[in-house]
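Shown here: query-v9.cif, mmCIF, C-alpha atoms.
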```
data_work
loop_
_atom_site.label_atom_id
_atom_site.label_comp_id
_atom_site.auth_asym_id
_atom_site.auth_seq_id
_atom_site.Cartn_x
_atom_site.Cartn_y
_atom_site.Cartn_z
CA MET G 1 2.71 -22.00 -19.34
CA ALA G 2 3.54 -20.84 -22.86
CA VAL G 3 4.37 -17.15 -23.42
CA ILE G 4 1.36 -16.84 -25.75
CA ASP G 5 -0.91 -17.89 -22.84
CA LEU G 6 0.05 -14.68 -21.02
CA ALA G 7 -1.78 -12.75 -23.74
CA ASN G 8 -4.96 -13.93 -22.00
CA PRO G 9 -5.85 -11.20 -19.44
CA THR G 10 -7.04 -13.68 -16.79
CA ARG G 11 -3.80 -15.69 -16.98
CA PHE G 12 -1.82 -12.46 -17.05
CA LEU G 13 -3.56 -11.32 -13.84
CA ALA G 14 -2.71 -14.65 -12.15
CA LEU G 15 0.96 -14.25 -13.14
CA VAL G 16 1.07 -10.63 -11.91
CA GLN G 17 -0.48 -11.72 -8.61
CA ARG G 18 2.39 -14.19 -8.14
CA VAL G 19 5.37 -12.07 -9.28
CA LEU G 20 4.40 -8.62 -7.96
CA PRO G 21 5.43 -9.19 -4.29
CA TRP G 22 8.81 -10.58 -5.40
CA LEU G 23 9.40 -7.71 -7.79
CA ALA G 24 8.45 -5.17 -5.11
CA ALA G 25 10.89 -6.78 -2.65
CA LEU G 26 13.68 -6.85 -5.27
CA THR G 27 13.03 -3.19 -6.09
CA LEU G 28 13.27 -2.22 -2.42
CA ILE G 29 16.53 -4.17 -1.97
CA ALA G 30 18.03 -2.59 -5.11
CA PHE G 31 17.07 0.91 -3.96
CA VAL G 32 18.53 0.39 -0.48
CA ALA G 33 21.78 -0.93 -2.01
CA GLY G 34 21.88 1.87 -4.59
CA ILE G 35 21.26 4.66 -2.07
CA VAL G 36 23.89 3.29 0.35
CA MET G 37 26.42 3.04 -2.51
CA ALA G 38 25.50 6.53 -3.77
CA ALA G 39 25.86 8.00 -0.26
CA ASN G 40 29.34 6.47 0.04
CA ALA G 41 30.48 7.38 -3.49
CA PRO G 42 33.29 9.94 -3.61
CA ASP G 43 32.74 13.50 -4.80
CA ASP G 44 33.59 14.26 -8.42
CA TYR G 45 36.89 16.12 -8.82
CA GLN G 46 35.15 18.90 -10.79
CA GLN G 47 31.50 18.80 -9.70
CA GLY G 48 31.98 17.99 -6.02
CA ALA G 49 28.98 16.51 -4.18
CA THR G 50 26.50 17.59 -6.88
CA VAL G 51 27.48 14.40 -8.73
CA LYS G 52 25.04 12.67 -6.32
CA ILE G 53 22.21 14.17 -8.43
CA MET G 54 23.46 12.01 -11.32
CA PHE G 55 22.36 8.85 -9.45
CA LEU G 56 18.75 10.05 -9.89
CA HIS G 57 18.95 12.05 -13.10
CA VAL G 58 20.58 9.47 -15.38
CA PRO G 59 18.34 6.48 -14.41
CA ALA G 60 15.26 8.72 -14.71
CA ALA G 61 16.42 9.76 -18.21
CA TRP G 62 17.01 6.13 -19.25
CA LEU G 63 13.58 5.09 -17.96
CA ALA G 64 11.91 8.06 -19.66
CA MET G 65 13.19 6.70 -23.00
CA LEU G 66 12.55 3.05 -22.06
CA GLY G 67 8.96 3.92 -21.16
CA TRP G 68 8.31 5.36 -24.61
CA SER G 69 10.06 2.36 -26.22
CA VAL G 70 7.75 -0.01 -24.30
CA MET G 71 4.77 2.06 -25.44
CA SER G 72 6.02 1.92 -29.05
CA VAL G 73 6.17 -1.90 -29.00
CA ALA G 74 2.71 -1.93 -27.39
CA ALA G 75 1.46 0.47 -30.09
CA LEU G 76 2.55 -2.01 -32.75
CA GLY G 77 0.60 -4.69 -30.88
CA THR G 78 -2.47 -2.44 -30.86
CA LEU G 79 -2.32 -1.43 -34.52
CA VAL G 80 -1.01 -4.64 -36.14
CA TRP G 81 -2.44 -7.45 -34.00
CA ARG G 82 -5.21 -5.40 -32.30
CA HIS G 83 -4.53 -7.23 -29.07
CA PRO G 84 -6.27 -5.65 -26.05
CA LEU G 85 -3.36 -6.46 -23.73
CA ALA G 86 -1.03 -4.40 -25.94
CA ASP G 87 -3.30 -1.41 -25.50
CA VAL G 88 -3.41 -2.07 -21.74
CA ALA G 89 0.43 -2.08 -21.67
CA GLY G 90 0.65 1.20 -23.58
CA LYS G 91 -1.93 2.98 -21.46
CA ALA G 92 -0.38 1.74 -18.19
CA ALA G 93 3.16 2.81 -19.16
CA ALA G 94 2.27 6.40 -20.10
CA PRO G 95 1.79 7.95 -16.62
CA ILE G 96 4.87 6.15 -15.26
CA GLY G 97 7.00 7.32 -18.17
CA ALA G 98 5.65 10.86 -17.83
CA ALA G 99 6.46 10.96 -14.11
CA LEU G 100 10.02 9.72 -14.69
CA THR G 101 10.52 12.21 -17.54
CA LEU G 102 9.38 14.99 -15.21
CA LEU G 103 11.85 13.72 -12.59
CA CYS G 104 14.61 13.74 -15.24
CA LEU G 105 13.80 17.37 -16.15
CA VAL G 106 13.56 18.56 -12.53
CA THR G 107 16.77 16.85 -11.37
CA GLY G 108 18.53 18.03 -14.52
CA SER G 109 17.55 21.63 -13.79
CA LEU G 110 18.66 21.30 -10.17
CA TRP G 111 22.00 19.88 -11.37
CA GLY G 112 22.36 22.47 -14.13
CA ARG G 113 21.99 25.55 -11.92
CA PRO G 114 25.17 24.99 -9.84
CA MET G 115 27.17 23.46 -12.75
CA TRP G 116 26.09 25.57 -15.75
CA GLY G 117 24.82 28.64 -13.93
CA THR G 118 21.27 28.18 -15.30
CA TYR G 119 18.25 25.97 -14.62
CA TRP G 120 17.34 25.72 -18.29
CA VAL G 121 18.76 26.24 -21.73
CA TRP G 122 17.01 25.55 -25.05
CA ASP G 123 19.65 23.15 -26.34
CA ALA G 124 18.83 20.01 -28.33
CA ARG G 125 19.03 17.50 -25.44
CA LEU G 126 16.92 19.45 -22.96
CA THR G 127 14.38 20.52 -25.57
CA SER G 128 13.95 17.00 -27.01
CA VAL G 129 13.34 15.62 -23.49
CA LEU G 130 10.78 18.38 -22.87
CA VAL G 131 9.10 17.37 -26.16
CA LEU G 132 9.04 13.76 -24.88
CA PHE G 133 7.31 14.92 -21.68
CA ILE G 134 4.71 16.87 -23.67
CA MET G 135 4.09 13.83 -25.90
CA TYR G 136 3.56 11.66 -22.81
CA LEU G 137 0.93 14.16 -21.63
CA GLY G 138 -0.65 14.09 -25.10
CA VAL G 139 -0.96 10.29 -25.07
CA ILE G 140 -2.41 10.34 -21.54
CA ALA G 141 -4.91 13.02 -22.61
CA ILE G 142 -6.02 10.89 -25.61
CA TYR G 143 -6.49 7.79 -23.44
CA TRP G 144 -8.47 9.60 -20.78
CA THR G 145 -10.67 11.76 -22.99
CA ALA G 146 -11.58 9.38 -25.83
CA GLU G 147 -15.29 8.48 -25.69
CA ASP G 148 -14.68 5.26 -27.62
CA PRO G 149 -11.78 3.40 -25.90
CA GLY G 150 -10.95 1.47 -29.10
CA ARG G 151 -10.57 4.61 -31.22
CA GLY G 152 -8.67 6.33 -28.39
CA ALA G 153 -6.26 3.40 -28.21
CA ARG G 154 -5.58 3.53 -31.96
CA ALA G 155 -5.07 7.31 -31.89
CA ALA G 156 -2.70 7.00 -28.91
CA ALA G 157 -0.82 4.19 -30.69
CA ILE G 158 -0.32 6.32 -33.81
CA LEU G 159 0.93 9.29 -31.75
CA THR G 160 3.25 6.92 -29.86
CA LEU G 161 4.80 5.54 -33.07
CA VAL G 162 5.21 9.04 -34.54
CA GLY G 163 6.79 10.17 -31.27
CA ALA G 164 9.22 7.24 -31.31
CA VAL G 165 11.27 9.29 -33.79
CA ASN G 166 12.17 11.50 -30.83
CA ILE G 167 13.98 8.69 -28.93
CA PRO G 168 17.08 8.51 -31.20
CA ILE G 169 16.99 12.32 -31.40
CA ILE G 170 17.27 12.49 -27.59
CA LYS G 171 20.02 9.86 -27.52
CA PHE G 172 22.18 11.37 -30.28
CA SER G 173 21.31 15.07 -29.80
CA VAL G 174 24.55 15.61 -27.88
CA ASP G 175 26.54 14.19 -30.83
CA TRP G 176 24.60 15.79 -33.68
CA TRP G 177 24.42 19.33 -32.25
CA ASN G 178 26.57 21.56 -30.10
CA THR G 179 24.83 21.36 -26.72
CA LEU G 180 25.50 22.59 -23.21
CA HIS G 181 24.58 19.09 -22.04
CA GLN G 182 27.58 16.79 -21.84
CA PRO G 183 27.98 13.93 -24.35
CA ALA G 184 27.31 10.28 -23.42
CA SER G 185 29.70 9.06 -20.73
CA VAL G 186 28.29 5.62 -19.78
CA MET G 187 27.06 3.96 -22.99
CA ARG G 188 29.58 5.03 -25.61
CA LEU G 189 32.15 3.55 -27.94
CA GLY G 190 35.39 2.90 -26.09
CA GLY G 191 33.69 2.15 -22.76
CA SER G 192 32.46 4.26 -19.89
CA ALA G 193 34.29 7.49 -19.08
CA ILE G 194 33.17 7.33 -15.44
CA ASP G 195 35.37 6.03 -12.63
CA PRO G 196 34.10 2.70 -11.18
CA SER G 197 33.65 4.29 -7.73
CA ILE G 198 30.86 6.41 -9.27
CA LEU G 199 29.83 4.11 -12.13
CA TYR G 200 28.83 1.13 -9.94
CA PRO G 201 26.41 3.09 -7.70
CA LEU G 202 24.96 4.59 -10.88
CA LEU G 203 24.39 1.15 -12.41
CA VAL G 204 22.79 -0.19 -9.21
CA MET G 205 20.46 2.83 -9.11
CA ALA G 206 19.64 2.23 -12.79
CA ILE G 207 18.73 -1.39 -11.96
CA ALA G 208 16.59 -0.16 -9.02
CA PHE G 209 14.72 2.34 -11.22
CA THR G 210 14.23 -0.30 -13.93
CA LEU G 211 12.79 -2.75 -11.38
CA LEU G 212 10.54 0.06 -10.10
CA PHE G 213 9.32 0.69 -13.64
CA VAL G 214 8.60 -3.01 -14.27
CA THR G 215 6.82 -3.39 -10.90
CA LEU G 216 4.68 -0.27 -11.36
CA HIS G 217 3.95 -1.13 -14.98
CA LEU G 218 2.69 -4.63 -14.14
CA ALA G 219 0.61 -3.24 -11.26
CA ALA G 220 -0.83 -0.50 -13.49
CA MET G 221 -1.62 -3.09 -16.21
CA ARG G 222 -3.47 -5.19 -13.62
CA ASN G 223 -5.45 -2.08 -12.58
CA GLU G 224 -6.30 -1.30 -16.20
CA ILE G 225 -7.59 -4.84 -16.83
CA LEU G 226 -9.78 -4.54 -13.71
CA ARG G 227 -10.99 -1.09 -14.89
CA ARG G 228 -12.06 -2.63 -18.23
CA ARG G 229 -13.90 -5.40 -16.41
CA VAL G 230 -15.74 -2.80 -14.32
CA ARG G 231 -16.63 -0.91 -17.51
CA ALA G 232 -17.86 -4.11 -19.21
CA MET G 233 -20.00 -4.99 -16.19
CA MET G 234 -21.46 -1.47 -16.02
CA MET G 235 -22.36 -1.71 -19.72
CA THR G 236 -24.03 -5.09 -19.10
CA ARG G 237 -26.01 -3.64 -16.20
CA ALA G 238 -27.06 -0.61 -18.27
CA GLN G 239 -28.23 -2.89 -21.13
CA THR G 240 -30.16 -5.08 -18.67
CA LEU G 241 -31.88 -2.03 -17.14
CA ALA G 242 -32.71 -0.64 -20.61
CA GLY G 243 -34.12 -4.04 -21.65
CA ALA G 244 -36.29 -4.24 -18.53
CA ARG G 245 -37.77 -0.78 -19.19
CA ALA G 246 -38.53 -1.53 -22.86
CA MET U 1 26.53 21.53 4.72
CA THR U 2 26.63 18.08 6.37
CA VAL U 3 23.52 15.87 6.04
CA LEU U 4 23.36 12.34 7.58
CA GLY U 5 27.14 12.39 7.96
CA MET U 6 27.70 13.38 4.29
CA ASP U 7 29.41 16.63 3.42
CA LEU U 8 27.24 17.95 0.57
CA GLY U 9 29.31 21.08 0.10
CA THR U 10 28.04 24.50 -0.89
CA HIS U 11 25.35 23.13 -3.25
CA ALA U 12 23.61 20.97 -0.63
CA GLY U 13 20.27 22.66 -1.27
CA PHE U 14 20.21 21.49 -4.91
CA ILE U 15 21.13 17.90 -3.95
CA ILE U 16 18.48 17.76 -1.19
CA ALA U 17 15.86 19.25 -3.53
CA ALA U 18 16.67 16.63 -6.22
CA TYR U 19 16.29 13.72 -3.78
CA ALA U 20 13.11 15.27 -2.34
CA ALA U 21 11.69 15.50 -5.88
CA ALA U 22 12.56 11.83 -6.48
CA ILE U 23 10.81 10.81 -3.24
CA VAL U 24 7.70 12.80 -4.20
CA VAL U 25 7.56 11.32 -7.73
CA VAL U 26 8.20 7.69 -6.67
CA ALA U 27 5.82 7.92 -3.68
CA GLY U 28 3.20 9.54 -5.91
CA LEU U 29 3.41 6.69 -8.43
CA ILE U 30 3.16 4.04 -5.69
CA VAL U 31 0.16 5.76 -4.05
CA TRP U 32 -1.55 6.12 -7.47
CA VAL U 33 -1.12 2.41 -8.31
CA VAL U 34 -2.20 1.18 -4.85
CA ALA U 35 -5.20 3.55 -4.60
CA ASP U 36 -6.33 2.73 -8.15
CA HIS U 37 -6.16 -1.00 -7.41
CA ALA U 38 -8.25 -0.55 -4.25
CA ALA U 39 -10.81 1.54 -6.15
CA GLN U 40 -11.19 -0.99 -9.00
CA LYS U 41 -11.48 -3.92 -6.55
CA ARG U 42 -14.17 -2.03 -4.61
CA LEU U 43 -16.16 -1.29 -7.78
CA LEU U 44 -15.86 -4.91 -8.95
CA GLY U 45 -17.03 -6.12 -5.52
CA GLU U 46 -20.06 -3.79 -5.58
CA LEU U 47 -21.07 -4.92 -9.09
CA GLU U 48 -20.68 -8.60 -8.21
CA LYS U 49 -22.83 -8.06 -5.09
CA GLN U 50 -25.55 -6.68 -7.38
CA GLY U 51 -25.33 -9.87 -9.42
CA VAL U 52 -23.79 -8.20 -12.48
CA THR U 53 -21.53 -10.50 -14.49
CA ARG U 54 -19.34 -10.09 -17.56
CA ARG U 55 -20.50 -11.76 -20.78
CA SER U 56 -17.64 -14.27 -20.48
CA GLN U 57 -18.89 -15.29 -17.01
CA LYS U 58 -22.47 -16.02 -18.11
CA GLN U 59 -23.72 -19.60 -18.11
CA PRO U 60 -24.41 -21.04 -21.59
#
```

Encoding of this model in structure tokens:
Amino acid sequence: MAVIDLANPTRFLALVQRVLPWLAALTLIAFVAGIVMAANAPDDYQQGATVKIMFLHVPAAWLAMLGWSVMSVAALGTLVWRHPLADVAGKAAAPIGAALTLLCLVTGSLWGRPMWGTYWVWDARLTSVLVLFIMYLGVIAIYWTAEDPGRGARAAAILTLVGAVNIPIIKFSVDWWNTLHQPASVMRLGGSAIDPSILYPLLVMAIAFTLLFVTLHLAAMRNEILRRRVRAMMMTRAQTLAGARA
Amino acid sequence: MTVLGMDLGTHAGFIIAAYAAAIVVVAGLIVWVVADHAAQKRLLGELEKQGVTRRSQKQP
């Protein structure tokens, strides 16, 4: 099967049907491995056991940005090629990205209180992630309230591409401004600053969260395709009933 | 505080709350996807029972 064939919703559904159980099983295995490794990871010499919050917070933050990046690519597909599957991908990713951004904010606050002495501070990193969360909610609101799904999809795609500017701002906010949030310690020039005993559990948890995102995204795309079929059939039935009355 | 054999120190409450939040968010997403799939399949089944078809399914 050529990659271009997957742009056909029916073929895409058949592929999802086949790969979803395997992806779900892989996700479960990765989470079990990640949680066992995280539980056995040593305490940080400065932060103590609170470093265990990092195994949730950092993957959630990565996926929050990945989610918007996926939506941005999908938005290009909607606006440039006007492909319905691109719109399906964007719409399906939004709630998942929003949920993971919320998790990033909540776990960050719960980590910040014992380490910084406060749940929240209006520094560039925290504020830009909060803006990302609000933009996710905005995109979801557009998708779910638009009377014409086509116009709603285009409006959501434009907001998504405008909001993509925020992704590098989030990433580099800790370098560009003086923030309470620590600078990058995993993906940085010169290699990771984290000891392998803590880095490896973090990477396994990141893989687990990424697999979770992919699994949920494919499942949500399948649901969205089915929802559009239901809508199309309801429109057909309404037209038939209107024709019979005329 | 010791939880499941792990010494979580004096900030155990924050660690437990973070993991509880993760469980709620992940479980919520899974329930949403599974419930939505069931709902769409049910609606499709009802429409097909009524003989409604999509345009692409109609005979030429």

*asked:* With 8 Å as the limit and counting all atoms listed in the file, what residues in chain G lie close to chain U? Please list them as a VMD selection string.
replied: chain G and resid 39 48 to 50 52 to 53 56 96 99 to 100 103 106 to 107 110 to 111 114 216 219 to 220 222 to 223 226 to 227 229 to 230 232 to 234 236 to 237

With C-alpha atoms retained, could you export that selection as a PDB file, keeping the file's coordinate frame?
```
ATOM      1  CA  ALA G  39      25.860   8.000  -0.260  1.00  0.00           C
ATOM      2  CA  GLY G  48      31.980  17.990  -6.020  1.00  0.00           C
ATOM      3  CA  ALA G  49      28.980  16.510  -4.180  1.00  0.00           C
ATOM      4  CA  THR G  50      26.500  17.590  -6.880  1.00  0.00           C
ATOM      5  CA  LYS G  52      25.040  12.670  -6.320  1.00  0.00           C
ATOM      6  CA  ILE G  53      22.210  14.170  -8.430  1.00  0.00           C
ATOM      7  CA  LEU G  56      18.750  10.050  -9.890  1.00  0.00           C
ATOM      8  CA  ILE G  96       4.870   6.150 -15.260  1.00  0.00           C
ATOM      9  CA  ALA G  99       6.460  10.960 -14.110  1.00  0.00           C
ATOM     10  CA  LEU G 100      10.020   9.720 -14.690  1.00  0.00           C
ATOM     11  CA  LEU G 103      11.850  13.720 -12.590  1.00  0.00           C
ATOM     12  CA  VAL G 106      13.560  18.560 -12.530  1.00  0.00           C
ATOM     13  CA  THR G 107      16.770  16.850 -11.370  1.00  0.00           C
ATOM     14  CA  LEU G 110      18.660  21.300 -10.170  1.00  0.00           C
ATOM     15  CA  TRP G 111      22.000  19.880 -11.370  1.00  0.00           C
ATOM     16  CA  PRO G 114      25.170  24.990  -9.840  1.00  0.00           C
ATOM     17  CA  LEU G 216       4.680  -0.270 -11.360  1.00  0.00           C
ATOM     18  CA  ALA G 219       0.610  -3.240 -11.260  1.00  0.00           C
ATOM     19  CA  ALA G 220      -0.830  -0.500 -13.490  1.00  0.00           C
ATOM     20  CA  ARG G 222      -3.470  -5.190 -13.620  1.00  0.00           C
ATOM     21  CA  ASN G 223      -5.450  -2.080 -12.580  1.00  0.00           C
ATOM     22  CA  LEU G 226      -9.780  -4.540 -13.710  1.00  0.00           C
ATOM     23  CA  ARG G 227     -10.990  -1.090 -14.890  1.00  0.00           C
ATOM     24  CA  ARG G 229     -13.900  -5.400 -16.410  1.00  0.00           C
ATOM     25  CA  VAL G 230     -15.740  -2.800 -14.320  1.00  0.00           C
ATOM     26  CA  ALA G 232     -17.860  -4.110 -19.210  1.00  0.00           C
ATOM     27  CA  MET G 233     -20.000  -4.990 -16.190  1.00  0.00           C
ATOM     28  CA  MET G 234     -21.460  -1.470 -16.020  1.00  0.00           C
ATOM     29  CA  THR G 236     -24.030  -5.090 -19.100  1.00  0.00           C
ATOM     30  CA  ARG G 237     -26.010  -3.640 -16.200  1.00  0.00           C
TER      31      ARG G 237
END
```

Self-check item: Residue contacts of segment 11-26 of chain G (9 Å, all atoms listed in the file) excluding same-chain residues fewer than 5 positions away, as a PyMOL selection string
Solution: chain G and resi 5-6+31+208+211-212+214-216+218-219+221-222+225

Quiz prompt | Nearest to Asn40 of chain G, chosen from G:Ile158, G:Val58, G:Ile198, G:Leu132, with all atoms listed in the file counted in the distances | solution =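 That would be G:Ile198, the residue with the smallest distance to Asn40 of chain G.
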
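Atom pair atom CA of Tyr136 of chain G / atom CA of Ala92 of chain G: separated by 11.6 Å.
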
Rounded to one decimal place, report the atom CA of Met205 of chain G-atom CA of Phe55 of chain G distance in Å.
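So the two atoms, atom CA of Met205 of chain G and atom CA of Phe55 of chain G, lie 6.3 Å apart.
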
Evaluate the PyMOL selection byres ((chain G and resi 180) around 12) here and jot the selected residues down as a PDB file with C-alpha atoms, keeping the file's coordinate frame.
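This went into selection35.pdb:
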```pdb
ATOM      1  CA  GLY G 112      22.360  22.470 -14.130  1.00  0.00           C
ATOM      2  CA  MET G 115      27.170  23.460 -12.750  1.00  0.00           C
ATOM      3  CA  TRP G 116      26.090  25.570 -15.750  1.00  0.00           C
ATOM      4  CA  GLY G 117      24.820  28.640 -13.930  1.00  0.00           C
ATOM      5  CA  THR G 118      21.270  28.180 -15.300  1.00  0.00           C
ATOM      6  CA  TYR G 119      18.250  25.970 -14.620  1.00  0.00           C
ATOM      7  CA  TRP G 120      17.340  25.720 -18.290  1.00  0.00           C
ATOM      8  CA  VAL G 121      18.760  26.240 -21.730  1.00  0.00           C
ATOM      9  CA  TRP G 122      17.010  25.550 -25.050  1.00  0.00           C
ATOM     10  CA  ASP G 123      19.650  23.150 -26.340  1.00  0.00           C
ATOM     11  CA  ALA G 124      18.830  20.010 -28.330  1.00  0.00           C
ATOM     12  CA  ARG G 125      19.030  17.500 -25.440  1.00  0.00           C
ATOM     13  CA  LEU G 126      16.920  19.450 -22.960  1.00  0.00           C
ATOM     14  CA  THR G 127      14.380  20.520 -25.570  1.00  0.00           C
ATOM     15  CA  SER G 173      21.310  15.070 -29.800  1.00  0.00           C
ATOM     16  CA  VAL G 174      24.550  15.610 -27.880  1.00  0.00           C
ATOM     17  CA  ASP G 175      26.540  14.190 -30.830  1.00  0.00           C
ATOM     18  CA  TRP G 177      24.420  19.330 -32.250  1.00  0.00           C
ATOM     19  CA  ASN G 178      26.570  21.560 -30.100  1.00  0.00           C
ATOM     20  CA  THR G 179      24.830  21.360 -26.720  1.00  0.00           C
ATOM     21  CA  HIS G 181      24.580  19.090 -22.040  1.00  0.00           C
ATOM     22  CA  GLN G 182      27.580  16.790 -21.840  1.00  0.00           C
ATOM     23  CA  PRO G 183      27.980  13.930 -24.350  1.00  0.00           C
TER      24      PRO G 183
END
```

Atom-to-atom span, atom CA of Pro196 of chain G and atom CA of Thr27 of chain G, Å:
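Here the two named atoms are 22.5 Å from each other.
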
Min atom-atom distance to Val131 of chain G from the set G:Asp87, G:Asp148, G:Met65, G:Ala157, counting all atoms listed in the file, belongs to G:Met65

I need the output of the PyMOL selection byres ((chain G and resi 134) around 12) for this file as a CSV table (one decimal) with C-alpha atoms, keeping the file's coordinate frame; which residues are they?
```csv
chain,number,residue,atom,x,y,z
G,94,ALA,CA,2.3,6.4,-20.1
G,95,PRO,CA,1.8,8.0,-16.6
G,97,GLY,CA,7.0,7.3,-18.2
G,98,ALA,CA,5.6,10.9,-17.8
G,99,ALA,CA,6.5,11.0,-14.1
G,101,THR,CA,10.5,12.2,-17.5
G,102,LEU,CA,9.4,15.0,-15.2
G,105,LEU,CA,13.8,17.4,-16.2
G,127,THR,CA,14.4,20.5,-25.6
G,128,SER,CA,14.0,17.0,-27.0
G,129,VAL,CA,13.3,15.6,-23.5
G,130,LEU,CA,10.8,18.4,-22.9
G,131,VAL,CA,9.1,17.4,-26.2
G,132,LEU,CA,9.0,13.8,-24.9
G,133,PHE,CA,7.3,14.9,-21.7
G,135,MET,CA,4.1,13.8,-25.9
G,136,TYR,CA,3.6,11.7,-22.8
G,137,LEU,CA,0.9,14.2,-21.6
G,138,GLY,CA,-0.6,14.1,-25.1
G,139,VAL,CA,-1.0,10.3,-25.1
G,140,ILE,CA,-2.4,10.3,-21.5
G,141,ALA,CA,-4.9,13.0,-22.6
G,159,LEU,CA,0.9,9.3,-31.8
G,160,THR,CA,3.2,6.9,-29.9
G,163,GLY,CA,6.8,10.2,-31.3
G,166,ASN,CA,12.2,11.5,-30.8
```
